Each structure stands twice: as C-alpha cells, then as structure tokens.
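Have a look at my_file-v8.pdb; it's PDB, C-alpha atoms:
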```
ATOM      1  CA  MET A  28      20.078   8.196   3.119
ATOM      2  CA  SER A  29      16.763   6.567   2.264
ATOM      3  CA  GLU A  30      15.485  10.042   1.362
ATOM      4  CA  HIS A  31      17.976  10.097  -1.513
ATOM      5  CA  ALA A  32      16.745   6.695  -2.629
ATOM      6  CA  ALA A  33      13.115   7.839  -2.418
ATOM      7  CA  LYS A  34      13.819  10.947  -4.501
ATOM      8  CA  LEU A  35      15.628   8.870  -7.108
ATOM      9  CA  MET A  36      12.687   6.460  -7.330
ATOM     10  CA  TRP A  37      10.242   9.357  -7.591
ATOM     11  CA  ALA A  38      12.282  10.863 -10.434
ATOM     12  CA  ARG A  39      12.414   7.572 -12.314
ATOM     13  CA  ILE A  40       8.671   6.969 -11.896
ATOM     14  CA  SER A  41       7.953  10.518 -13.069
ATOM     15  CA  GLN A  42       9.740   9.764 -16.337
ATOM     16  CA  ARG A  43       7.209   7.069 -17.204
ATOM     17  CA  PRO A  44       4.474   8.173 -19.630
ATOM     18  CA  ASN A  45       0.903   8.529 -18.379
ATOM     19  CA  VAL A  46       1.969   8.237 -14.763
ATOM     20  CA  GLU A  47       1.115  10.782 -12.082
ATOM     21  CA  THR A  48       3.115  10.349  -8.908
ATOM     22  CA  GLU A  49       3.814  12.033  -5.610
ATOM     23  CA  LEU A  50       6.568  11.615  -3.065
ATOM     24  CA  ILE A  51       5.163  11.346   0.457
ATOM     25  CA  ASP A  52       7.521  11.519   3.429
ATOM     26  CA  VAL A  53       5.727   9.765   6.287
ATOM     27  CA  ALA A  54       7.711  11.846   8.762
ATOM     28  CA  THR A  55       5.852  14.969   7.593
ATOM     29  CA  LEU A  56       2.363  13.593   8.265
ATOM     30  CA  SER A  57       0.639  14.836  11.402
ATOM     31  CA  ILE A  58      -0.647  11.510  12.620
ATOM     32  CA  PRO A  59      -1.138  11.171  16.383
ATOM     33  CA  VAL A  60       0.723   8.423  18.189
ATOM     34  CA  ASP A  61      -1.637   8.049  21.147
ATOM     35  CA  ASP A  62      -3.826   5.651  19.153
ATOM     36  CA  ALA A  63      -3.410   3.574  16.010
ATOM     37  CA  GLY A  64      -5.120   2.294  12.889
ATOM     38  CA  GLU A  65      -8.029   4.073  11.246
ATOM     39  CA  ALA A  66      -8.735   5.897  14.502
ATOM     40  CA  VAL A  67      -5.906   8.285  13.607
ATOM     41  CA  LYS A  68      -6.587   8.478   9.872
ATOM     42  CA  ASP A  69      -5.328  11.617   8.134
ATOM     43  CA  SER A  70      -7.951  12.668   5.589
ATOM     44  CA  ALA A  71      -5.523  14.163   3.077
ATOM     45  CA  PHE A  72      -3.276  11.110   3.157
ATOM     46  CA  ALA A  73      -6.304   8.807   2.911
ATOM     47  CA  GLU A  74      -7.555  10.651  -0.168
ATOM     48  CA  LYS A  75      -4.168  10.205  -1.825
ATOM     49  CA  MET A  76      -4.215   6.496  -1.038
ATOM     50  CA  ASN A  77      -7.750   6.261  -2.413
ATOM     51  CA  ARG A  78      -6.699   7.850  -5.720
ATOM     52  CA  ALA A  79      -3.503   5.830  -6.066
ATOM     53  CA  ASP A  80      -3.262   2.758  -8.265
ATOM     54  CA  ALA A  81       0.094   1.707  -6.819
ATOM     55  CA  LEU A  82       2.481   2.353  -3.955
ATOM     56  CA  VAL A  83       6.259   2.293  -4.014
ATOM     57  CA  ILE A  84       7.414   1.960  -0.439
ATOM     58  CA  VAL A  85      10.992   3.018   0.188
ATOM     59  CA  ALA A  86      11.929   1.483   3.504
ATOM     60  CA  PRO A  87      15.162   1.756   5.441
ATOM     61  CA  GLU A  88      16.086  -1.352   7.381
ATOM     62  CA  TYR A  89      16.711  -1.008  11.098
ATOM     63  CA  ASN A  90      17.630  -4.123  13.108
ATOM     64  CA  HIS A  91      16.256  -6.313  10.300
ATOM     65  CA  GLY A  92      12.831  -4.614  10.472
ATOM     66  CA  TYR A  93      10.805  -1.708   9.187
ATOM     67  CA  PRO A  94      10.574   1.669  10.927
ATOM     68  CA  GLY A  95       7.714   1.845  13.411
ATOM     69  CA  LEU A  96       6.558   5.127  11.915
ATOM     70  CA  LEU A  97       6.082   3.515   8.500
ATOM     71  CA  LYS A  98       3.891   0.778   9.984
ATOM     72  CA  HIS A  99       1.951   3.348  12.022
ATOM     73  CA  VAL A 100       1.186   5.365   8.892
ATOM     74  CA  LEU A 101       0.303   2.344   6.746
ATOM     75  CA  ASP A 102      -2.122   1.127   9.424
ATOM     76  CA  THR A 103      -4.240   4.280   9.183
ATOM     77  CA  ASN A 104      -5.930   3.076   5.988
ATOM     78  CA  LEU A 105      -7.419  -0.173   4.743
ATOM     79  CA  LYS A 106     -10.164   0.012   2.108
ATOM     80  CA  GLU A 107      -7.998   2.495   0.205
ATOM     81  CA  TYR A 108      -5.358  -0.202  -0.385
ATOM     82  CA  ILE A 109      -7.507  -3.145  -1.428
ATOM     83  CA  HIS A 110      -6.359  -4.751  -4.702
ATOM     84  CA  LYS A 111      -3.715  -2.115  -5.405
ATOM     85  CA  ALA A 112      -0.150  -2.782  -6.480
ATOM     86  CA  ALA A 113       2.799  -2.332  -4.162
ATOM     87  CA  GLY A 114       6.516  -2.536  -4.735
ATOM     88  CA  ILE A 115       9.148  -2.308  -2.039
ATOM     89  CA  VAL A 116      12.508  -0.580  -2.200
ATOM     90  CA  GLY A 117      14.877  -1.683   0.533
ATOM     91  CA  VAL A 118      17.625   0.607   1.786
ATOM     92  CA  SER A 119      20.434  -0.389   4.091
ATOM     93  CA  ALA A 120      24.035   0.330   4.949
ATOM     94  CA  SER A 121      24.890  -3.333   4.521
ATOM     95  CA  VAL A 122      25.351  -5.460   1.419
ATOM     96  CA  PHE A 123      21.870  -6.952   1.904
ATOM     97  CA  GLY A 124      20.145  -3.829   0.583
ATOM     98  CA  GLY A 125      17.146  -3.989   2.848
ATOM     99  CA  ALA A 126      16.321  -7.600   1.871
ATOM    100  CA  ARG A 127      15.150  -8.327   5.405
ATOM    101  CA  VAL A 128      12.918  -5.278   5.715
ATOM    102  CA  ILE A 129      11.320  -6.262   2.414
ATOM    103  CA  GLU A 130      10.620  -9.786   3.659
ATOM    104  CA  ASN A 131       9.168  -8.397   6.880
ATOM    105  CA  LEU A 132       6.936  -5.906   5.086
ATOM    106  CA  ILE A 133       5.382  -8.376   2.640
ATOM    107  CA  PRO A 134       2.993 -10.048   5.148
ATOM    108  CA  VAL A 135       1.957  -6.624   6.458
ATOM    109  CA  LEU A 136       1.143  -5.350   2.976
ATOM    110  CA  ARG A 137      -0.747  -8.548   2.162
ATOM    111  CA  GLU A 138      -2.979  -8.108   5.211
ATOM    112  CA  LEU A 139      -3.602  -4.509   4.187
ATOM    113  CA  GLY A 140      -4.964  -5.805   0.877
ATOM    114  CA  LEU A 141      -2.068  -4.634  -1.248
ATOM    115  CA  VAL A 142      -0.699  -6.871  -3.999
ATOM    116  CA  THR A 143       3.077  -7.029  -3.870
ATOM    117  CA  ILE A 144       5.120  -7.478  -7.024
ATOM    118  CA  PHE A 145       8.016  -9.931  -7.322
ATOM    119  CA  TRP A 146      10.645  -7.356  -8.257
ATOM    120  CA  ASP A 147      12.368  -5.332  -5.542
ATOM    121  CA  VAL A 148      14.964  -2.605  -5.630
ATOM    122  CA  ASN A 149      17.813  -3.036  -3.162
ATOM    123  CA  PHE A 150      19.954  -0.050  -2.288
ATOM    124  CA  THR A 151      22.933  -1.904  -0.853
ATOM    125  CA  THR A 152      25.761  -0.078   0.936
ATOM    126  CA  VAL A 153      23.707   3.088   0.727
ATOM    127  CA  ARG A 154      26.223   5.337   2.459
ATOM    128  CA  SER A 155      28.510   5.081  -0.546
ATOM    129  CA  ARG A 156      25.786   5.136  -3.207
ATOM    130  CA  PHE A 157      24.994   8.847  -3.062
ATOM    131  CA  ASP A 158      26.997  11.999  -2.614
ATOM    132  CA  GLU A 159      26.003  14.665  -0.087
ATOM    133  CA  ASP A 160      23.653  16.270  -2.601
ATOM    134  CA  GLY A 161      21.820  13.046  -3.280
ATOM    135  CA  ASN A 162      23.409  12.300  -6.636
ATOM    136  CA  LEU A 163      23.684   8.610  -7.400
ATOM    137  CA  LEU A 164      27.320   7.576  -7.566
ATOM    138  CA  ASP A 165      26.897   3.862  -8.184
ATOM    139  CA  ASP A 166      23.971   2.271 -10.047
ATOM    140  CA  SER A 167      25.178  -1.321  -9.864
ATOM    141  CA  PHE A 168      22.515  -3.919  -9.042
ATOM    142  CA  LEU A 169      19.696  -1.371  -9.303
ATOM    143  CA  ASP A 170      17.261  -2.743 -11.871
ATOM    144  CA  ILE A 171      14.719   0.020 -11.450
ATOM    145  CA  ASP A 172      13.270  -0.353 -14.946
ATOM    146  CA  LYS A 173      12.328  -3.999 -14.417
ATOM    147  CA  PHE A 174      10.748  -3.076 -11.075
ATOM    148  CA  LEU A 175       8.693  -0.287 -12.625
ATOM    149  CA  ASP A 176       7.666  -2.354 -15.658
ATOM    150  CA  GLU A 177       6.173  -4.967 -13.366
ATOM    151  CA  LEU A 178       4.639  -2.427 -10.987
ATOM    152  CA  LEU A 179       2.883  -0.501 -13.753
ATOM    153  CA  TRP A 180       1.597  -3.709 -15.352
ATOM    154  CA  MET A 181       0.197  -4.781 -11.998
ATOM    155  CA  ALA A 182      -1.281  -1.342 -11.324
ATOM    156  CA  GLU A 183      -3.068  -1.206 -14.662
ATOM    157  CA  THR A 184      -4.320  -4.772 -14.414
ATOM    158  CA  LEU A 185      -5.600  -4.332 -10.877
ATOM    159  CA  ARG A 186      -7.328  -1.062 -11.724
ATOM    160  CA  TYR A 187      -9.212  -2.893 -14.472
ATOM    161  CA  GLY A 188     -10.059  -5.664 -12.032
ATOM    162  CA  ARG A 189     -11.221  -3.352  -9.268
ATOM    163  CA  THR A 190     -13.560  -1.448 -11.540
ATOM    164  CA  ASN A 191     -14.787  -4.211 -13.866
ATOM    165  CA  VAL A 192     -14.550  -7.613 -12.206
ATOM    166  CA  THR A 193     -17.082  -8.348  -9.489
ATOM    167  CA  ILE A 194     -16.110 -10.639  -6.638
ATOM    168  CA  ARG A 195     -17.940 -13.976  -6.772
ATOM    169  CA  GLY A 196     -21.248 -13.638  -5.040
ATOM    170  CA  GLY A 197     -20.963  -9.888  -5.221
ATOM    171  CA  SER A 198     -23.770  -7.482  -5.762
TER     172      SER A 198
ATOM    173  CA  MET B   2     -23.309   1.277  -3.772
ATOM    174  CA  THR B   3     -23.235   4.597  -5.599
ATOM    175  CA  CYS B   4     -19.966   6.519  -5.931
ATOM    176  CA  PRO B   5     -19.988   9.524  -3.572
ATOM    177  CA  LYS B   6     -17.729  11.413  -5.983
ATOM    178  CA  CYS B   7     -19.458  10.988  -9.363
ATOM    179  CA  GLY B   8     -22.707   9.099  -8.786
ATOM    180  CA  THR B   9     -21.777   6.029 -10.844
ATOM    181  CA  GLU B  10     -22.803   2.567  -9.655
ATOM    182  CA  MET B  11     -19.707   1.031  -8.066
ATOM    183  CA  ASN B  12     -18.247  -2.436  -8.627
ATOM    184  CA  HIS B  13     -18.164  -4.844  -5.666
ATOM    185  CA  GLN B  14     -14.512  -5.834  -5.874
ATOM    186  CA  ALA B  15     -13.638  -7.472  -2.561
ATOM    187  CA  ASP B  16     -14.834  -8.930   0.734
ATOM    188  CA  LYS B  17     -12.201  -8.743   3.428
ATOM    189  CA  LEU B  18     -12.376 -10.090   6.962
ATOM    190  CA  VAL B  19     -11.353  -7.289   9.304
ATOM    191  CA  ASP B  20     -11.090  -6.700  13.019
ATOM    192  CA  PRO B  21     -14.068  -5.314  14.949
ATOM    193  CA  VAL B  22     -13.784  -1.656  15.926
ATOM    194  CA  THR B  23     -16.893  -1.210  18.064
ATOM    195  CA  HIS B  24     -18.311  -3.059  21.053
ATOM    196  CA  GLU B  25     -21.297  -4.086  18.900
ATOM    197  CA  GLU B  26     -19.058  -5.595  16.241
ATOM    198  CA  ALA B  27     -16.962  -7.370  18.848
ATOM    199  CA  ALA B  28     -20.072  -8.771  20.524
ATOM    200  CA  ALA B  29     -21.245 -10.208  17.198
ATOM    201  CA  MET B  30     -18.140 -12.372  16.919
ATOM    202  CA  THR B  31     -19.120 -15.893  17.921
ATOM    203  CA  GLY B  32     -16.121 -18.030  16.913
ATOM    204  CA  ALA B  33     -12.528 -17.960  15.854
ATOM    205  CA  PHE B  34     -13.332 -17.300  12.216
ATOM    206  CA  ASP B  35     -16.373 -15.073  12.581
ATOM    207  CA  GLY B  36     -15.923 -11.370  12.349
ATOM    208  CA  VAL B  37     -16.659  -8.330  10.333
ATOM    209  CA  LEU B  38     -16.549  -8.237   6.567
ATOM    210  CA  MET B  39     -15.448  -5.110   4.802
ATOM    211  CA  ILE B  40     -17.365  -5.029   1.512
ATOM    212  CA  VAL B  41     -15.196  -2.994  -0.845
ATOM    213  CA  PHE B  42     -16.370  -1.178  -3.956
ATOM    214  CA  ALA B  43     -14.551   0.652  -6.752
ATOM    215  CA  CYS B  44     -16.019   3.210  -9.122
ATOM    216  CA  PRO B  45     -15.636   2.239 -12.799
ATOM    217  CA  ASN B  46     -15.817   5.908 -13.782
ATOM    218  CA  CYS B  47     -13.455   7.721 -11.412
ATOM    219  CA  GLY B  48     -11.752   4.850  -9.546
ATOM    220  CA  TRP B  49     -12.913   5.977  -6.088
ATOM    221  CA  ILE B  50     -12.891   3.310  -3.380
ATOM    222  CA  ASP B  51     -15.571   2.962  -0.727
ATOM    223  CA  SER B  52     -16.757   0.259   1.629
ATOM    224  CA  ARG B  53     -19.362  -0.833   4.102
ATOM    225  CA  ARG B  54     -19.106  -3.286   6.970
ATOM    226  CA  GLU B  55     -21.318  -6.223   7.832
ATOM    227  CA  ALA B  56     -21.176  -9.342   9.961
ATOM    228  CA  GLY B  57     -19.677 -12.271   8.149
ATOM    229  CA  SER B  58     -17.729 -15.459   8.459
ATOM    230  CA  HIS B  59     -14.798 -17.214   6.884
ATOM    231  CA  SER B  60     -14.709 -20.979   6.636
ATOM    232  CA  PRO B  61     -11.160 -22.259   6.874
ATOM    233  CA  GLY B  62     -10.319 -24.737   4.137
TER     234      GLY B  62
END
```
Structure re-expressed in structure tokens:
Amino acid sequence: MSEHAAKLMWARISQRPNVETELIDVATLSIPVDDAGEAVKDSAFAEKMNRADALVIVAPEYNHGYPGLLKHVLDTNLKEYIHKAAGIVGVSASVFGGARVIENLIPVLRELGLVTIFWDVNFTTVRSRFDEDGNLLDDSFLDIDKFLDELLWMAETLRYGRTNVTIRGGS
Amino acid sequence: MTCPKCGTEMNHQADKLVDPVTHEEAAAMTGAFDGVLMIVFACPNCGWIDSRREAGSHSPG
C-alpha cells in the first residue's frame, strides 16, 4: 500500500514547476546484504543522491519502526546527503499514519546530514485510502501542498547554502 | 577542492565527524570525541558534492 502513497507523492511533486523528480523503489536496488554502509554503495543510486536537492521518504511503519531495507539503503551514502532537505511520509494501517516511523527516522536522517522539515504527510488507515488500482479514495488529513511548499523552500535555501556559504574556518 | 565534474572551485560547506573505516583511521582515534572528519564540498556551478577525510576532533560543549 505504501507504493500507492509513493506514486501519489511522486505525481504531486512532478506537478510543481521547475522540479525534476524520480521515484526510487529501494526494493529494486541491487545492494548486497552481507555488509553495510558505504562498503555496499550502489554507484547509480549514489549519483542520484548526489544530484538531488531533497528527498521525500515514503516509509511504511512496521512494529512502530522503519523497514530494515530502507535503513540499509540510506546507510550506503553519506556525503551525498549533507545539508540536503528531507521530508517524511508515514504510511500505516492504523489511525496514527506512520507517526511513529517518522519519529524513529528523524534521528537517523539527522546523523546522515539531512535536514528534516517540520511538515509530514500521514497516510492513516491506508488500506481504505486507495482502490486496487492505486486511486486515492479519501484525501482527508493529507496536506501535501503544505509539505511540498516547505520542502521546496528548504531545498532551495540549502542548495544556496551548500554552494555559497562556507563553513566557519573553511577553506 | 576542484569539482571533478566541471572543474569549478568547490565551496567547503560542512565538517562532519564520522566513523573510521580503516585500521589506520581507527588507530588515530585517541579519545571519546576524536575521530575522522569528513570535509564536504559543493560545486557552485553544477551542485556536485565531494569530500575528503582527515583526522579531527570535536570538543563537547
């Protein structure tokens, strides 16, 4: 069901002017599981992260946490994320809408150097939100525009900062 | 640092304390807050990100 949510988010982001976006399904990446971190970096995925100004992470909540595969994939990069914007979309079958996976992801993203925004999108009761073809049946409590307004502001501001503002003591 | 993609001088945008990944880096760690600094650069022309690593320290406040 989170795939439907991800496709909806991708469609809404694509409607924004001057934005280039791509939907990446972490399940399709060929990242080994016999090691972790940058030791198993996928060059194509890393290049996409390097080019990106922002990430929208659509995360299903399992047992109050994030999927291990998502963490495994995120851990394969580091410098590529530094001072880039990140927004989190929580997806769950319950009325909490992935609130707990969002809270659990925030410290991970912070350590990766990403800058999380204060708006989230919560797909509550996701099994009744979409039909079998992925069409949204119920848009209540989904303030996607506010989320994207903040994300794009943060992405533009951080891009300026990364490329123009030198860290104190920098060279 | 010069951008490997377009040759423009890159902006030093961040210093981040990171975990050691080699025996040499691990051996250089002398205390709880010593470690390896990732010096991160961004290209003002094409936006490319690159980095280098060096020994560093973080003084807790």
Which residue out of B:Val41, B:Val22, B:Cys7, B:Ala27 has the minimum interatomic distance to Arg53 in chain B when all atoms listed in the file are used? B:Val41
Residues of chain A within 7 Å of chain B, counting only C-alpha atoms - could you list those as JSON, numbers by chain? {"A": [77, 78, 106, 107, 189, 190, 191, 192, 193, 194, 197, 198]}
List as an mmCIF file with C-alpha atoms, keeping the file's coordinate frame the protein and nucleic acid residues near range 43-45 of chain A, meaning an atom at most 10 Å away when all atoms listed in the file are counted, but skip any in the same chain fewer than 6 places from it.
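The file below, around-v2.cif, is the result:
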```cif
data_model
loop_
_atom_site.group_PDB
_atom_site.id
_atom_site.type_symbol
_atom_site.label_atom_id
_atom_site.label_comp_id
_atom_site.auth_asym_id
_atom_site.auth_seq_id
_atom_site.Cartn_x
_atom_site.Cartn_y
_atom_site.Cartn_z
ATOM 1 C CA ASP A 172 13.270 -0.353 -14.946
ATOM 2 C CA LEU A 175 8.693 -0.287 -12.625
ATOM 3 C CA ASP A 176 7.666 -2.354 -15.658
ATOM 4 C CA LEU A 179 2.883 -0.501 -13.753
#
```
On this structure, the PyMOL selection byres ((chain A and resi 65) around 10) would catch which residues? List them as a VMD selection string, sorted by chain and number. (chain A and resid 62 to 64 66 to 69 73 100 to 105) or (chain B and resid 22)
Spatial sel., origin (17.6, -1.4, 10.0), limit 12 Å, only C-alpha atoms, listed as a ChimeraX atom specification: /A:29,86-95,117-121,123-129,131,153
Suppose you want the space between CA of Ile109 in chain A and CA of Val142 in chain A; what is it in Å? 8.2 Å
